[in-house]
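*Asks:* You'll find final.csv just under this line, and it carries CSV, C-alpha atoms (C1' of nucleotides).
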```csv
chain,number,residue,atom,x,y,z
P,980,MET,CA,282.7,120.8,-142.2
P,981,GLN,CA,283.4,122.2,-138.7
P,982,ILE,CA,281.6,120.0,-136.2
P,983,ALA,CA,283.3,121.1,-133.0
P,984,ASN,CA,281.2,123.1,-130.5
P,985,ASP,CA,282.2,126.7,-131.1
P,986,GLN,CA,282.9,127.7,-127.5
P,987,LYS,CA,286.6,126.9,-127.2
P,988,ASP,CA,286.6,126.9,-123.3
P,989,ILE,CA,283.7,124.5,-123.1
P,990,MET,CA,284.4,120.8,-122.6
P,991,ARG,CA,281.3,118.7,-123.1
P,992,VAL,CA,281.6,115.0,-122.2
P,993,ILE,CA,279.2,112.2,-122.9
P,994,THR,CA,279.2,108.6,-121.6
P,995,PHE,CA,277.0,106.0,-123.4
P,996,ASN,CA,276.8,102.2,-123.2
P,997,VAL,CA,275.6,101.5,-126.7
P,998,ASN,CA,275.2,97.7,-126.5
P,999,SER,CA,276.5,97.2,-130.0
P,1000,LEU,CA,277.9,100.2,-131.9
P,1001,ARG,CA,276.9,98.8,-135.3
P,1002,VAL,CA,273.3,98.4,-134.3
P,1003,ARG,CA,273.2,101.7,-132.5
P,1004,LEU,CA,275.2,103.7,-135.1
P,1005,PRO,CA,272.2,105.9,-136.1
P,1006,VAL,CA,271.6,106.8,-132.5
P,1007,VAL,CA,275.2,107.6,-131.9
P,1008,MET,CA,275.3,109.8,-134.9
P,1009,GLU,CA,272.2,111.6,-133.8
P,1010,CYS,CA,273.7,112.0,-130.3
P,1011,LEU,CA,276.8,113.7,-132.0
P,1012,ARG,CA,274.6,116.0,-134.0
P,1013,LEU,CA,272.4,116.9,-131.1
P,1014,HIS,CA,275.0,117.6,-128.4
P,1015,ARG,CA,278.2,118.2,-130.3
P,1016,PRO,CA,280.3,116.7,-127.6
P,1017,ASP,CA,284.1,117.3,-127.2
P,1018,ALA,CA,284.4,113.7,-126.1
P,1019,LEU,CA,281.8,110.9,-126.7
P,1020,CYS,CA,282.8,107.9,-124.6
P,1021,LEU,CA,281.3,104.6,-125.6
P,1022,GLN,CA,281.1,101.2,-123.9
P,1023,GLU,CA,280.0,97.7,-125.1
P,1024,THR,CA,280.7,98.5,-128.7
P,1025,LYS,CA,280.8,94.7,-129.4
P,1026,VAL,CA,282.8,95.2,-132.5
P,1027,GLN,CA,286.2,93.9,-133.5
P,1028,ASP,CA,288.7,96.6,-134.5
P,1029,HIS,CA,288.7,95.6,-138.2
P,1030,ASP,CA,284.9,96.1,-138.3
P,1031,PHE,CA,284.9,99.5,-136.4
P,1032,PRO,CA,282.7,101.9,-138.5
P,1033,LYS,CA,285.5,104.4,-139.2
P,1034,ASP,CA,283.9,105.7,-142.4
P,1035,ASP,CA,280.8,106.9,-140.7
P,1036,PHE,CA,282.9,109.0,-138.2
P,1037,ASP,CA,285.3,110.1,-141.0
P,1038,ALA,CA,282.4,111.4,-143.0
P,1039,GLU,CA,281.4,113.7,-140.1
P,1040,GLY,CA,284.9,114.9,-139.4
P,1041,TYR,CA,285.4,113.1,-136.1
P,1042,ASN,CA,288.5,111.5,-134.7
P,1043,TYR,CA,288.3,108.2,-132.8
P,1044,VAL,CA,290.2,105.7,-130.8
P,1045,PHE,CA,288.8,102.3,-130.0
P,1046,LYS,CA,289.6,98.8,-128.7
P,1047,GLY,CA,287.2,95.9,-129.3
P,1048,GLU,CA,287.0,92.1,-129.3
P,1049,LYS,CA,284.7,89.5,-130.6
P,1050,THR,CA,281.2,89.5,-129.2
P,1051,TYR,CA,281.9,91.2,-125.8
P,1052,ASN,CA,283.1,94.5,-124.3
P,1053,GLY,CA,284.7,97.2,-126.4
P,1054,VAL,CA,285.3,100.9,-125.7
P,1055,ALA,CA,285.8,103.9,-127.9
P,1056,VAL,CA,286.3,107.7,-127.7
P,1057,ILE,CA,285.0,110.0,-130.4
P,1058,SER,CA,286.1,113.6,-130.7
P,1059,PRO,CA,286.2,116.5,-133.1
P,1060,HIS,CA,289.6,117.4,-131.5
P,1061,GLU,CA,293.0,115.8,-131.6
P,1062,ILE,CA,293.1,112.8,-129.3
P,1063,LYS,CA,296.5,112.5,-127.6
P,1064,ASN,CA,298.5,110.2,-125.4
P,1065,VAL,CA,296.2,107.2,-125.8
P,1066,ARG,CA,296.5,104.1,-123.7
P,1067,PHE,CA,294.4,101.0,-123.6
P,1068,GLY,CA,293.8,98.8,-120.5
P,1069,LEU,CA,295.1,98.6,-117.0
P,1070,ALA,CA,298.8,98.5,-116.2
P,1071,GLU,CA,299.0,94.8,-115.1
P,1072,GLU,CA,297.7,91.6,-116.7
P,1073,PRO,CA,295.0,91.0,-117.4
P,1074,LYS,CA,295.0,94.4,-118.9
P,1075,ASP,CA,291.4,94.3,-120.2
P,1076,SER,CA,292.3,96.6,-123.1
P,1077,SER,CA,288.7,96.5,-124.4
P,1078,ARG,CA,287.4,97.8,-121.1
P,1079,LEU,CA,289.6,101.0,-120.6
P,1080,ILE,CA,290.7,103.8,-122.8
P,1081,LYS,CA,292.8,106.7,-121.5
P,1082,ALA,CA,293.2,109.8,-123.7
P,1083,ASP,CA,293.8,113.5,-123.5
P,1084,ILE,CA,291.5,115.9,-125.3
P,1085,LYS,CA,291.7,119.7,-125.0
P,1086,GLY,CA,294.2,119.4,-122.2
P,1087,VAL,CA,291.9,117.2,-120.1
P,1088,SER,CA,292.6,113.6,-119.4
P,1089,ILE,CA,289.8,111.2,-120.0
P,1090,VAL,CA,289.5,107.7,-118.6
P,1091,ASN,CA,286.6,105.7,-120.2
P,1092,THR,CA,285.9,102.4,-118.4
P,1093,TYR,CA,283.5,99.5,-118.9
P,1094,VAL,CA,283.6,97.8,-115.5
P,1095,PRO,CA,282.9,94.1,-115.4
P,1096,GLN,CA,279.3,93.4,-114.5
P,1097,GLY,CA,280.0,90.6,-112.0
P,1098,ALA,CA,277.3,88.0,-112.7
P,1099,PHE,CA,276.3,86.9,-109.2
P,1100,LEU,CA,277.7,87.4,-105.7
P,1101,GLU,CA,279.2,83.9,-105.3
P,1102,SER,CA,280.8,83.9,-108.8
P,1103,LYS,CA,284.5,84.3,-109.7
P,1104,LYS,CA,283.3,87.2,-112.0
P,1105,TYR,CA,282.1,89.2,-109.0
P,1106,GLN,CA,285.5,88.8,-107.2
P,1107,TYR,CA,287.1,89.8,-110.5
P,1108,LYS,CA,284.9,92.9,-110.5
P,1109,LEU,CA,285.9,93.8,-106.9
P,1110,ASP,CA,289.6,93.3,-107.8
P,1111,TRP,CA,289.1,95.4,-111.0
P,1112,PHE,CA,288.2,98.4,-108.9
P,1113,GLN,CA,291.3,97.9,-106.8
P,1114,ARG,CA,293.5,97.6,-109.9
P,1115,LEU,CA,291.8,100.7,-111.4
P,1116,GLY,CA,292.6,102.6,-108.1
P,1117,ARG,CA,296.3,101.7,-108.5
P,1118,PHE,CA,296.1,102.8,-112.2
P,1119,PHE,CA,294.8,106.2,-111.1
P,1120,LYS,CA,297.4,106.5,-108.3
P,1121,GLU,CA,300.3,105.6,-110.6
P,1122,ASN,CA,299.2,108.0,-113.4
P,1123,PHE,CA,297.4,111.0,-112.0
P,1124,GLU,CA,297.4,113.5,-109.1
P,1125,PRO,CA,294.1,114.7,-107.5
P,1126,ASP,CA,294.8,118.2,-108.6
P,1127,GLU,CA,295.1,117.3,-112.3
P,1128,PRO,CA,292.1,117.9,-114.7
P,1129,LEU,CA,290.9,114.3,-115.1
P,1130,VAL,CA,287.4,113.0,-116.0
P,1131,TRP,CA,286.5,109.4,-115.3
P,1132,VAL,CA,283.4,108.2,-117.1
P,1133,GLY,CA,281.8,105.0,-118.1
P,1134,ASP,CA,279.5,102.1,-117.2
P,1135,MET,CA,280.7,101.5,-113.7
P,1136,ASN,CA,278.1,98.7,-113.1
P,1137,VAL,CA,277.5,100.2,-109.6
P,1138,ALA,CA,274.6,102.1,-108.2
P,1139,PRO,CA,276.5,104.1,-105.5
P,1140,ASN,CA,273.6,104.9,-103.2
P,1141,GLU,CA,270.0,104.0,-102.4
P,1142,ALA,CA,268.8,106.9,-104.4
P,1143,ASP,CA,270.4,105.4,-107.5
P,1144,LEU,CA,268.1,102.4,-108.1
P,1145,TRP,CA,264.4,101.8,-108.0
P,1146,ASN,CA,264.4,99.0,-105.4
P,1147,PRO,CA,267.3,99.1,-103.0
P,1148,GLU,CA,265.7,96.8,-100.4
P,1149,GLY,CA,265.2,94.1,-103.0
P,1150,ASN,CA,268.7,94.4,-104.4
P,1151,ARG,CA,271.0,94.2,-101.4
P,1152,GLU,CA,272.5,91.0,-102.9
P,1153,HIS,CA,272.8,92.4,-106.4
P,1154,VAL,CA,276.3,92.6,-107.9
P,1155,CYS,CA,275.7,96.2,-108.8
P,1156,PHE,CA,274.5,97.3,-105.3
P,1157,HIS,CA,275.9,95.0,-102.7
P,1158,GLU,CA,277.7,96.9,-99.9
P,1159,ASP,CA,281.1,95.3,-101.0
P,1160,VAL,CA,280.9,96.6,-104.5
P,1161,ARG,CA,279.7,100.0,-103.4
P,1162,LYS,CA,282.7,100.1,-101.1
P,1163,ALA,CA,285.1,99.0,-103.8
P,1164,PHE,CA,283.7,101.8,-106.1
P,1165,SER,CA,283.8,104.4,-103.4
P,1166,ASN,CA,287.4,103.6,-102.5
P,1167,VAL,CA,288.3,104.6,-106.0
P,1168,VAL,CA,286.1,107.7,-105.9
P,1169,GLN,CA,287.8,108.8,-102.6
P,1170,LEU,CA,291.2,109.0,-104.4
P,1171,GLY,CA,289.9,112.5,-105.4
P,1172,PHE,CA,286.8,112.3,-107.6
P,1173,VAL,CA,283.6,114.2,-107.4
P,1174,ASP,CA,280.3,112.7,-108.8
P,1175,VAL,CA,279.5,115.4,-111.2
P,1176,PHE,CA,275.9,114.3,-111.7
P,1177,ARG,CA,275.2,114.4,-108.0
P,1178,LYS,CA,276.8,117.9,-107.8
P,1179,HIS,CA,274.0,119.1,-110.0
P,1180,CYS,CA,271.1,116.9,-109.1
P,1181,ASP,CA,270.1,115.5,-105.7
P,1182,GLN,CA,266.8,114.0,-106.8
P,1183,PRO,CA,266.2,110.2,-106.6
P,1184,GLY,CA,264.7,108.3,-109.6
P,1185,GLN,CA,267.4,109.6,-112.0
P,1186,TYR,CA,268.5,106.5,-113.9
P,1187,SER,CA,270.7,105.6,-116.9
P,1188,PHE,CA,269.8,101.9,-117.2
P,1189,TRP,CA,266.6,99.9,-117.4
P,1190,ASP,CA,266.7,96.1,-117.6
P,1191,TYR,CA,265.5,94.7,-121.0
P,1192,ARG,CA,264.3,91.6,-119.1
P,1193,GLN,CA,261.9,93.4,-116.7
P,1194,ARG,CA,258.6,94.0,-118.4
P,1195,GLY,CA,257.7,97.7,-118.3
P,1196,SER,CA,260.9,98.8,-116.6
P,1197,VAL,CA,261.2,101.9,-118.7
P,1198,GLU,CA,257.5,102.8,-118.4
P,1199,ARG,CA,257.5,102.4,-114.6
P,1200,ASN,CA,261.0,103.9,-114.3
P,1201,ARG,CA,262.4,100.8,-112.6
P,1202,GLY,CA,266.0,101.7,-113.4
P,1203,TRP,CA,269.5,102.1,-112.1
P,1204,ARG,CA,272.1,104.8,-112.3
P,1205,LEU,CA,275.1,102.9,-113.4
P,1206,ASP,CA,276.7,105.3,-115.9
P,1207,HIS,CA,278.7,108.0,-114.3
P,1208,ILE,CA,280.8,111.1,-114.9
P,1209,LEU,CA,283.3,111.9,-112.2
P,1210,ALA,CA,286.0,114.5,-112.2
P,1211,THR,CA,288.9,115.5,-110.0
P,1212,LYS,CA,288.0,118.4,-107.6
P,1213,PRO,CA,289.6,121.3,-109.6
P,1214,LEU,CA,287.8,120.2,-112.8
P,1215,ALA,CA,284.5,119.3,-111.0
P,1216,ASP,CA,284.5,122.9,-109.6
P,1217,LYS,CA,284.3,124.0,-113.3
P,1218,SER,CA,281.3,121.8,-114.2
P,1219,LYS,CA,278.3,123.8,-115.3
P,1220,SER,CA,275.7,121.1,-115.8
P,1221,CYS,CA,275.2,117.3,-115.8
P,1222,PHE,CA,272.1,115.4,-116.9
P,1223,ILE,CA,270.8,112.1,-118.2
P,1224,ASP,CA,269.8,112.3,-121.8
P,1225,LYS,CA,266.7,111.1,-123.5
P,1226,GLN,CA,268.1,108.6,-125.9
P,1227,PRO,CA,267.2,109.4,-129.5
P,1228,ARG,CA,265.0,106.5,-130.7
P,1229,LEU,CA,264.9,107.2,-134.4
P,1230,GLY,CA,262.6,104.3,-134.9
P,1231,GLN,CA,265.3,101.9,-133.8
P,1232,ARG,CA,265.5,99.8,-130.7
P,1233,PRO,CA,267.1,101.8,-127.9
P,1234,SER,CA,270.1,100.6,-125.9
P,1235,ASP,CA,269.3,99.5,-122.4
P,1236,HIS,CA,271.5,102.4,-121.2
P,1237,THR,CA,271.1,106.1,-122.0
P,1238,PRO,CA,273.7,108.8,-122.4
P,1239,VAL,CA,274.9,111.0,-119.5
P,1240,ILE,CA,276.2,114.4,-120.4
P,1241,ALA,CA,278.4,116.9,-118.5
P,1242,GLU,CA,279.7,120.3,-119.4
P,1243,PHE,CA,282.8,122.0,-118.0
P,1244,ASP,CA,283.9,125.6,-118.4
P,1245,LEU,CA,287.6,125.4,-118.7
P,1246,GLY,CA,288.1,129.2,-119.0
F,677,DA,C1',244.7,82.0,-126.1
F,678,DT,C1',249.7,82.6,-126.4
F,679,DG,C1',253.7,84.5,-125.2
F,680,DG,C1',256.0,88.6,-124.3
F,681,DT,C1',264.6,91.1,-123.9
F,682,DC,C1',268.7,92.1,-126.6
F,683,DG,C1',273.0,91.4,-129.3
F,684,DG,C1',276.4,88.5,-131.3
F,685,DC,C1',276.7,84.8,-133.7
F,686,DA,C1',275.7,80.3,-134.8
F,687,DA,C1',274.8,77.1,-129.8
F,688,DC,C1',274.3,79.5,-126.4
F,689,DC,C1',276.7,83.4,-123.3
F,690,DG,C1',276.6,87.8,-121.2
F,691,DA,C1',273.9,91.6,-119.5
```
Step by step, read the file and then write its structure as structure tokens.

*Replies:*
Amino acid sequence: MQIANDQKDIMRVITFNVNSLRVRLPVVMECLRLHRPDALCLQETKVQDHDFPKDDFDAEGYNYVFKGEKTYNGVAVISPHEIKNVRFGLAEEPKDSSRLIKADIKGVSIVNTYVPQGAFLESKKYQYKLDWFQRLGRFFKENFEPDEPLVWVGDMNVAPNEADLWNPEGNREHVCFHEDVRKAFSNVVQLGFVDVFRKHCDQPGQYSFWDYRQRGSVERNRGWRLDHILATKPLADKSKSCFIDKQPRLGQRPSDHTPVIAEFDLG
DNA sequence: ATGGTCGGCAACCGA
């Protein structure tokens, strides 16, 4: 069965924090059928490698690369195409192999990241998050040039601007919006990335995450835009659309994140 | 009136 999208110059990329791949597998399969992405980049798969649901992707003719661990984290890239030159994790220890996959698909480099959330401002985890962005910046500088076709996607755990969360005033001290973490993120972006979503949509209130713990957050759209698709300038110039998906429910519980989709015309 | 998040995984931790 041929499941690739039939336009060979089109590159469709999706980022989706699934919060457990095994629980969300029907939603992921529906996402593949609906959008026929060239690269589906997943975060928080929460599955060890020996339990990765290979058979389900094999049955649909997809290739996959993944790195997981017990209980936490986990990333994967799913594609109907050959997945080349795969690397896991950052260059130096701790590599965090279950937070970063680099792979080449259709001549485009893809870096899929699950950035540490950071807990609270005074915690060691927050400092680790700030350092993680610095280390990621070095990873990009060592491996890529700004004129290469490179897509950086994932759950960045940062709302870059006030338009990217429902209550900026009340979240100045939040680990996903504090000025320090926004600066750490923007330092990486400034290596040569364009926010592909913002290239296509300047409206506020466009979110990809709603907190399970806040009653009615979905209904009242009290969300955050934490899941991003960025591209180096030459590739971003070729983007044709970028939008936040309505997650297929399929009678299941939805993830607290929803997919973000971008399309590039490589021709 | 009460109790109201998930997921993983086995008592709580992380988000």

*Asks:* Near DC685 in chain F, within 12 Å and counting all atoms listed in the file, which residues show up once chain neighbours fewer than 4 positions away are dropped, as a list in words?

*Replies:*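 Contacts, in chain order: Lys1025, Lys1049, Thr1050 and Tyr1051 of chain P; DC689 of chain F.
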
*Asks:* Based on only C-alpha atoms (C1' of nucleotides), which of the residues in chain F come within 10 Å of chain P? I want them as an NGL selection string.

*Replies:* :F and (680-685 or 689-691)

*Asks:* In Å, how far is it from CA of Val992 in chain P to CA of His1029 in chain P?

*Replies:*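 Value for the CA of Val992 in chain P-CA of His1029 in chain P distance: 26.1 Å.
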
*Asks:* What is the distance, in Å and to one decimal place, between CA of Lys1162 in chain P and CA of Ser1102 in chain P?

*Replies:*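 Calculated distance between CA of Lys1162 in chain P and CA of Ser1102 in chain P is 18.0 Å.
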
*Asks:* In Å, with one decimal, what is the gap from CA of Glu1071 in chain P to CA of Gln1113 in chain P?

*Replies:*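 Distance between the two atoms: 11.7 Å.
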
*Asks:* Give me the residues near Val1167 in chain P as a list in words, where near means some atom within 9 Å (using all atoms listed in the file) and where sequence neighbours in that chain fewer than 5 positions away do not count.

*Replies:*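 Contacts, with the query itself left out: Phe1112, Gln1113, Leu1115, Gly1116, Arg1117, Phe1119, Lys1162 and Phe1172 of chain P.
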
*Asks:* Excluding Asn1091 in chain P and residues on its chain fewer than 2 positions from it, collect all residues at most 7 Å away from it, counting all atoms listed in the file, and give them as a CSV table (one decimal) with C-alpha atoms, keeping the file's coordinate frame.

*Replies:*
```
chain,number,residue,atom,x,y,z
P,1020,CYS,CA,282.8,107.9,-124.6
P,1079,LEU,CA,289.6,101.0,-120.6
P,1080,ILE,CA,290.7,103.8,-122.8
P,1081,LYS,CA,292.8,106.7,-121.5
P,1089,ILE,CA,289.8,111.2,-120.0
P,1131,TRP,CA,286.5,109.4,-115.3
P,1132,VAL,CA,283.4,108.2,-117.1
P,1133,GLY,CA,281.8,105.0,-118.1
```

*Asks:* Using all atoms listed in the file, can you list as an NGL selection string the residues within 12 Å of (290.2, 111.3, -135.1)?

*Replies:* :P and (1017-1019 or 1033-1045 or 1055-1063 or 1065 or 1082 or 1084)

*Asks:* Excluding Val1154 in chain P and residues on its chain fewer than 4 positions from it, collect all residues at most 12 Å away from it, counting all atoms listed in the file, and give them as a ChimeraX atom specification.

*Replies:* /P:1094-1109,1135-1139,1150,1158-1164,1205 /F:691

*Asks:* Taking only C-alpha atoms into account, which of P:Gln1231, P:Ser1088, P:Asn1122, P:Asn1140 comes nearest Pro1005 in chain P?

*Replies:*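 Smallest separation from Pro1005 in chain P among the options: P:Gln1231.
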
*Asks:* Name the closest residue to Asp1181 in chain P among the candidates P:Asp1224, P:Arg1012, P:Leu1004, P:Glu1141; distances are taken between atoms, counting only C-alpha atoms.

*Replies:* P:Glu1141

*Asks:* Write out as a list in words which residues come within 6 Å of Tyr1093 in chain P when counting only C-alpha atoms (C1' of nucleotides), dropping same-chain ones fewer than 3 positions away.

*Replies:* Gln1022, Arg1078, Gly1133 and Asp1134 of chain P

*Asks:* Mind rebuilding range 989-1012 of chain P with N, CA and C atoms and writing that out as a compact mmCIF listing (two decimals), keeping the file's coordinate frame?

*Replies:*
```txt
# COMPACT_ATOMS: atom_id res chain seq x y z
N ILE P 989 284.71 125.48 -123.55
CA ILE P 989 283.70 124.50 -123.10
C ILE P 989 284.18 123.10 -123.38
N MET P 990 284.06 122.21 -122.39
CA MET P 990 284.40 120.80 -122.60
C MET P 990 283.10 120.01 -122.26
N ARG P 991 282.52 119.42 -123.31
CA ARG P 991 281.30 118.70 -123.10
C ARG P 991 281.60 117.18 -123.30
N VAL P 992 281.28 116.40 -122.28
CA VAL P 992 281.60 115.00 -122.20
C VAL P 992 280.36 114.14 -122.14
N ILE P 993 280.31 113.07 -122.92
CA ILE P 993 279.20 112.20 -122.90
C ILE P 993 279.67 110.74 -122.64
N THR P 994 278.99 110.00 -121.76
CA THR P 994 279.20 108.60 -121.60
C THR P 994 277.96 107.83 -122.05
N PHE P 995 278.16 106.73 -122.83
CA PHE P 995 277.00 106.00 -123.40
C PHE P 995 277.38 104.56 -123.63
N ASN P 996 276.71 103.67 -122.90
CA ASN P 996 276.80 102.20 -123.20
C ASN P 996 275.88 101.92 -124.31
N VAL P 997 276.43 101.63 -125.49
CA VAL P 997 275.60 101.50 -126.70
C VAL P 997 275.05 100.10 -126.91
N ASN P 998 275.63 99.09 -126.25
CA ASN P 998 275.20 97.70 -126.50
C ASN P 998 275.15 97.38 -127.96
N SER P 999 276.30 97.40 -128.58
CA SER P 999 276.50 97.20 -130.00
C SER P 999 276.58 98.51 -130.79
N LEU P 1000 277.76 98.94 -131.15
CA LEU P 1000 277.90 100.20 -131.90
C LEU P 1000 277.32 100.07 -133.30
N ARG P 1001 277.42 98.88 -133.91
CA ARG P 1001 276.90 98.80 -135.30
C ARG P 1001 275.40 98.88 -135.33
N VAL P 1002 274.72 98.24 -134.38
CA VAL P 1002 273.30 98.40 -134.30
C VAL P 1002 272.85 99.79 -133.94
N ARG P 1003 273.63 100.41 -133.06
CA ARG P 1003 273.20 101.70 -132.50
C ARG P 1003 273.80 102.89 -133.25
N LEU P 1004 274.46 102.65 -134.38
CA LEU P 1004 275.20 103.70 -135.10
C LEU P 1004 274.26 104.94 -135.40
N PRO P 1005 273.03 104.75 -135.86
CA PRO P 1005 272.20 105.90 -136.10
C PRO P 1005 271.92 106.74 -134.85
N VAL P 1006 271.78 106.05 -133.72
CA VAL P 1006 271.60 106.80 -132.50
C VAL P 1006 272.80 107.52 -132.03
N VAL P 1007 273.96 106.90 -132.23
CA VAL P 1007 275.20 107.60 -131.90
C VAL P 1007 275.44 108.79 -132.76
N MET P 1008 275.15 108.68 -134.04
CA MET P 1008 275.30 109.80 -134.90
C MET P 1008 274.34 110.95 -134.56
N GLU P 1009 273.13 110.60 -134.20
CA GLU P 1009 272.20 111.60 -133.80
C GLU P 1009 272.62 112.28 -132.47
N CYS P 1010 273.20 111.47 -131.58
CA CYS P 1010 273.70 112.00 -130.30
C CYS P 1010 274.85 113.03 -130.61
N LEU P 1011 275.71 112.74 -131.58
CA LEU P 1011 276.80 113.70 -132.00
C LEU P 1011 276.18 114.97 -132.53
N ARG P 1012 275.20 114.83 -133.40
CA ARG P 1012 274.60 116.00 -134.00
C ARG P 1012 273.87 116.86 -133.02
```
